[in-house]
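Working notes, beginning with the structure itself.
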Amino acid sequence: MTRFLLVVPPLVGHINPLLGVADELARRGHRVAWAGYPEQIHRLAGADAVVFETGMPDVGLKRPAKLTGPAAFRFLWEEFFSPLAELMAPGVDSAVEAFDPDVVVHDQHAVAGALVAERRGLPYVTSVTTSAELTDPLSSMPKVEAWLKGIFASLRERFGDPEQTGDPRYSPHGVIAFTGRALLGDAPLPSDRIEMVGPAIAPRAAQSDFPYGELDPQRRKVLVTLGTANADAGTRFLTEAVHAMHALRERVQGIVVDPGGVLGGMPGGVPEGVIVREYVPQLDLLAHLDAVVCHAGHNTVCESLWHGVPLVVAPIRDDQPIVAGQVADAGAGVRVRFNRVDAPRLAAAVESVLDPAGGHRAAAEAIGRSFRAAGGVLAAADHLDRIAARPADVQAAG
């Protein structure tokens with residue numbers, strides 16, 4: 001029996017890939033505990049999950065909607081991820097003391113897990129939830145890269161091992177990336193310890209009473225979603241999407257996710273025939289879909305491609321432009337401009353990915369096959385088992 005401590009930020013998209021891995025590790029007889037925000041982890045992982053509370057920000061991740069490029073990257077680390085590490089570190093340290101883990105698994109953006117494990121001499125493994133973090137996006141921004149190294153050095157001085165100099169986003173013991181080469185392309189990887197396992201597709205707790213009986217078997221089904229963290233930026237886009245779905249209503253049935261309730265104020269209301277829901281069981285629903293319109297969030301993209309579903313991607317910020325570019329380069333979808341696209345253009349993009357002649361469905365299905373071959377949850381658990389089984393002298397060497 002091995003004890004694994006999973007250290008995660010308060011971001012659903014960063015927790016979801018580890019849910020199935022945690023269940024698989026438990027099924028194999030290992031002990032699993034979490035460090036993070038208990039209410040959120042219990043909601044996602046179940047009431048029986050063992051959770052050690054860590055400090056968390058008073059408010060969630062909020063950033064200016066139009067912030068892009070290097071400025072957006074600096075904002076994320078300066079205003080959220082670096083303060084998050086400082087808040088989480090004491091709780092992670094207490095969790096290590098109480099749970100006595102053999103291996104720490106930390107999300108790439110919860111670097112407190114890496115630094116605390118490093119100081120205590122514990123092997124730790126990085127969980128990477130986006131392919132954008134494997135393309136060295138800072139290679140063309142040396143000043144930003146140097147600035148980030150300074151951030152890490154400062155954090156290390158306070159609660160890590162000051163003798164170490166490596167990037168805590170890529171553990172020397174191992175990195176599990178929930179993506180694959182078919183999406184990533186041929187870009188060189190930042191570490192030779194990266195194990196790409198594809199998306200973690202595993203059953204999740206039912207949280208929805210979705211009306212499957214309303215799905216029309218005579219029409220193509222298209223989901224429109226901007227994920228869970230973009231309600232502040234999505235009003236205009238979702239409104240245009242509803243009009244696009246209505247324009248295609250003779251042959252397409254649109255399902256629009258509206259977690260912020262922003263469509264309630266549409267003049268004339270939501271047109272009949274377009275399904276609008278606050279939440280949908282996305283993994284279950286994907287088996288019924290013909291296309292997905294989304295913000296190019298990595299989890300949504302990979303889950304769609306795992307099911308062979310082509311995409312229309314409208315990136316908003318963060319890693320999304322990089323992921324959107326990967327989707328388009330792989331031929332598995334088309335890209336539109338989030339702030340500029342209107343209903344006619346969005347309808348045309350949807351029609352293009354639904355057209356078999358465009359090859360988008362075939363490309364998505366090919367990526368899906370490669371993702372399934374990568375092993376997902378089982379491959380991730382196997383990799384963690386191998387790292388936990390290494391002799392102590394090998395662990396110390398990284």
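In the structure tokens, chains take the letters A, B, ... in the order shown, each chain's residues start at 1, and ligands count up from 1 in the order shown.
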
With only C-alpha atoms as the counted atoms, please give the residues lying no more than 7 Å from range 32-38 of chain A, apart from itself and same-chain residues fewer than 5 positions off, as a PyMOL selection string. chain A and resi 3-10+22+26+49-54+56+92+95

When you look at Pro90 in chain A with a cut-off of 9 Å (counting only C-alpha atoms), what residues show up, excluding the ones that are within fewer than 6 positions of it in the same chain? I need them as a PyMOL selection string. chain A and resi 54-55+112+116+159

Same residues, N, CA, C and O atoms, saved as a JSON list (two decimals), in the first residue's frame:
[["chain", "number", "residue", "atom", "x", "y", "z"],
["A", 54, "THR", "N", -6.26, 23.57, 2.94],
["A", 54, "THR", "CA", -5.16, 24.53, 2.81],
["A", 54, "THR", "C", -5.75, 25.92, 2.65],
["A", 54, "THR", "O", -6.95, 26.08, 2.38],
["A", 55, "GLY", "N", -4.92, 26.92, 2.83],
["A", 55, "GLY", "CA", -5.38, 28.29, 2.60],
["A", 55, "GLY", "C", -5.79, 28.49, 1.16],
["A", 55, "GLY", "O", -5.23, 27.89, 0.24],
["A", 112, "ALA", "N", 3.00, 24.79, -4.52],
["A", 112, "ALA", "CA", 3.26, 24.55, -3.09],
["A", 112, "ALA", "C", 3.48, 23.06, -2.84],
["A", 112, "ALA", "O", 4.31, 22.68, -2.01],
["A", 116, "VAL", "N", 7.03, 22.00, -1.11],
["A", 116, "VAL", "CA", 7.01, 21.38, 0.22],
["A", 116, "VAL", "C", 7.58, 19.97, 0.15],
["A", 116, "VAL", "O", 8.38, 19.56, 1.00],
["A", 159, "PHE", "N", 9.54, 28.30, 1.47],
["A", 159, "PHE", "CA", 9.04, 27.00, 1.93],
["A", 159, "PHE", "C", 9.50, 25.83, 1.09],
["A", 159, "PHE", "O", 8.97, 24.72, 1.23]]

May I have all residues of range 104-343 of chain A that DSSP, computed from the backbone, assigns to strand (DSSP E or B), given as an MDAnalysis selection string? chainID A and resid 104:107 124:128 175:177 194:196 220:225 252:257 275:277 291:294 311:313 333:335

Can you tell me, as JSON, numbers by chain, what residues are no more than 6 Å from range 371-378 of chain A when counting only C-alpha atoms, ignoring any on the same chain fewer than 2 positions away? {"A": [21, 197, 198, 199, 200, 368, 369, 380, 381]}

Can you write out the residues you just picked, keeping N, CA and C atoms, as a JSON list (two decimals), in the first residue's frame?
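Generated output (part_20.json):
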[["chain", "number", "residue", "atom", "x", "y", "z"],
["A", 21, "VAL", "N", -8.04, 9.02, -11.55],
["A", 21, "VAL", "CA", -6.75, 8.48, -11.10],
["A", 21, "VAL", "C", -6.82, 8.13, -9.61],
["A", 197, "VAL", "N", -0.54, 10.56, -21.22],
["A", 197, "VAL", "CA", -1.47, 9.45, -21.04],
["A", 197, "VAL", "C", -2.83, 9.70, -21.69],
["A", 198, "GLY", "N", -2.98, 10.83, -22.38],
["A", 198, "GLY", "CA", -4.29, 11.16, -22.94],
["A", 198, "GLY", "C", -5.22, 11.65, -21.85],
["A", 199, "PRO", "N", -6.43, 12.04, -22.21],
["A", 199, "PRO", "CA", -7.37, 12.54, -21.20],
["A", 199, "PRO", "C", -7.80, 11.47, -20.23],
["A", 200, "ALA", "N", -8.14, 11.91, -19.02],
["A", 200, "ALA", "CA", -8.60, 10.98, -17.98],
["A", 200, "ALA", "C", -10.11, 10.87, -18.06],
["A", 368, "GLY", "N", -8.94, 10.69, -31.27],
["A", 368, "GLY", "CA", -9.60, 9.91, -30.24],
["A", 368, "GLY", "C", -9.01, 8.52, -30.09],
["A", 369, "ARG", "N", -8.71, 7.88, -31.22],
["A", 369, "ARG", "CA", -8.11, 6.55, -31.15],
["A", 369, "ARG", "C", -6.74, 6.61, -30.48],
["A", 380, "ALA", "N", -1.94, 6.51, -16.10],
["A", 380, "ALA", "CA", -1.49, 7.44, -15.07],
["A", 380, "ALA", "C", -1.23, 6.71, -13.76],
["A", 381, "ALA", "N", -2.15, 5.83, -13.38],
["A", 381, "ALA", "CA", -1.98, 5.07, -12.14],
["A", 381, "ALA", "C", -0.77, 4.14, -12.22]]

By how many Å are CA of Ile15 in chain A and CA of Ala110 in chain A apart?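 Computing the Euclidean distance for CA of Ile15 in chain A and CA of Ala110 in chain A yields 10.9 Å.
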
Which is closer to Gln320 in chain A than all the others in A:Thr130, A:Met245, A:Gly308, A:Pro356, using only C-alpha atoms? A:Thr130

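Ranking A:Val262, A:Ile275, A:Val256, A:Leu226 by their shortest atom-to-atom distance to Pro211 in chain A, with only C-alpha atoms included, puts A:Ile275 first.
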
Would you list, as a PyMOL selection string, the residues of range 120-292 of chain A that end up in alpha helix (DSSP H) under DSSP run on this structure's backbone? chain A and resi 120+142-159+181-184+235-247+282-285

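The coordinates place CA of Leu215 in chain A at 26.2 Å from CA of His298 in chain A.
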
For Cys302 in chain A, list every protein, DNA or RNA residue within 12 Å, evaluated using only C-alpha atoms, and leave out those in the same chain fewer than 5 positions away; present the list as a ChimeraX atom specification. /A:13,17,129-131,177-184,197-201,282-283,286,292,294,296-297,307-311,323-324,326-327,332,364-365,367-372,376

For CA of Val96 in chain A and CA of Pro123 in chain A, determine how far apart the two atoms are, in Å to one decimal place.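 Computed distance, CA of Val96 in chain A to CA of Pro123 in chain A, equals 12.1 Å.
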
Near Arg193 in chain A, counting only C-alpha atoms, which residues have an atom at most 7 Å away, once you skip same-chain residues fewer than 3 positions from it, shown as a ChimeraX atom specification? /A:172,174-175

What's the 10 Å shell around Arg340 in chain A, counting only C-alpha atoms, without same-chain residues fewer than 2 positions away, as a list of chain:residue names?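 Neighbouring residues, sequence-local ones excluded: A:Arg236, A:Phe237, A:Ala314, A:Val336, A:Arg337, A:Phe338, A:Asp342, A:Arg345.
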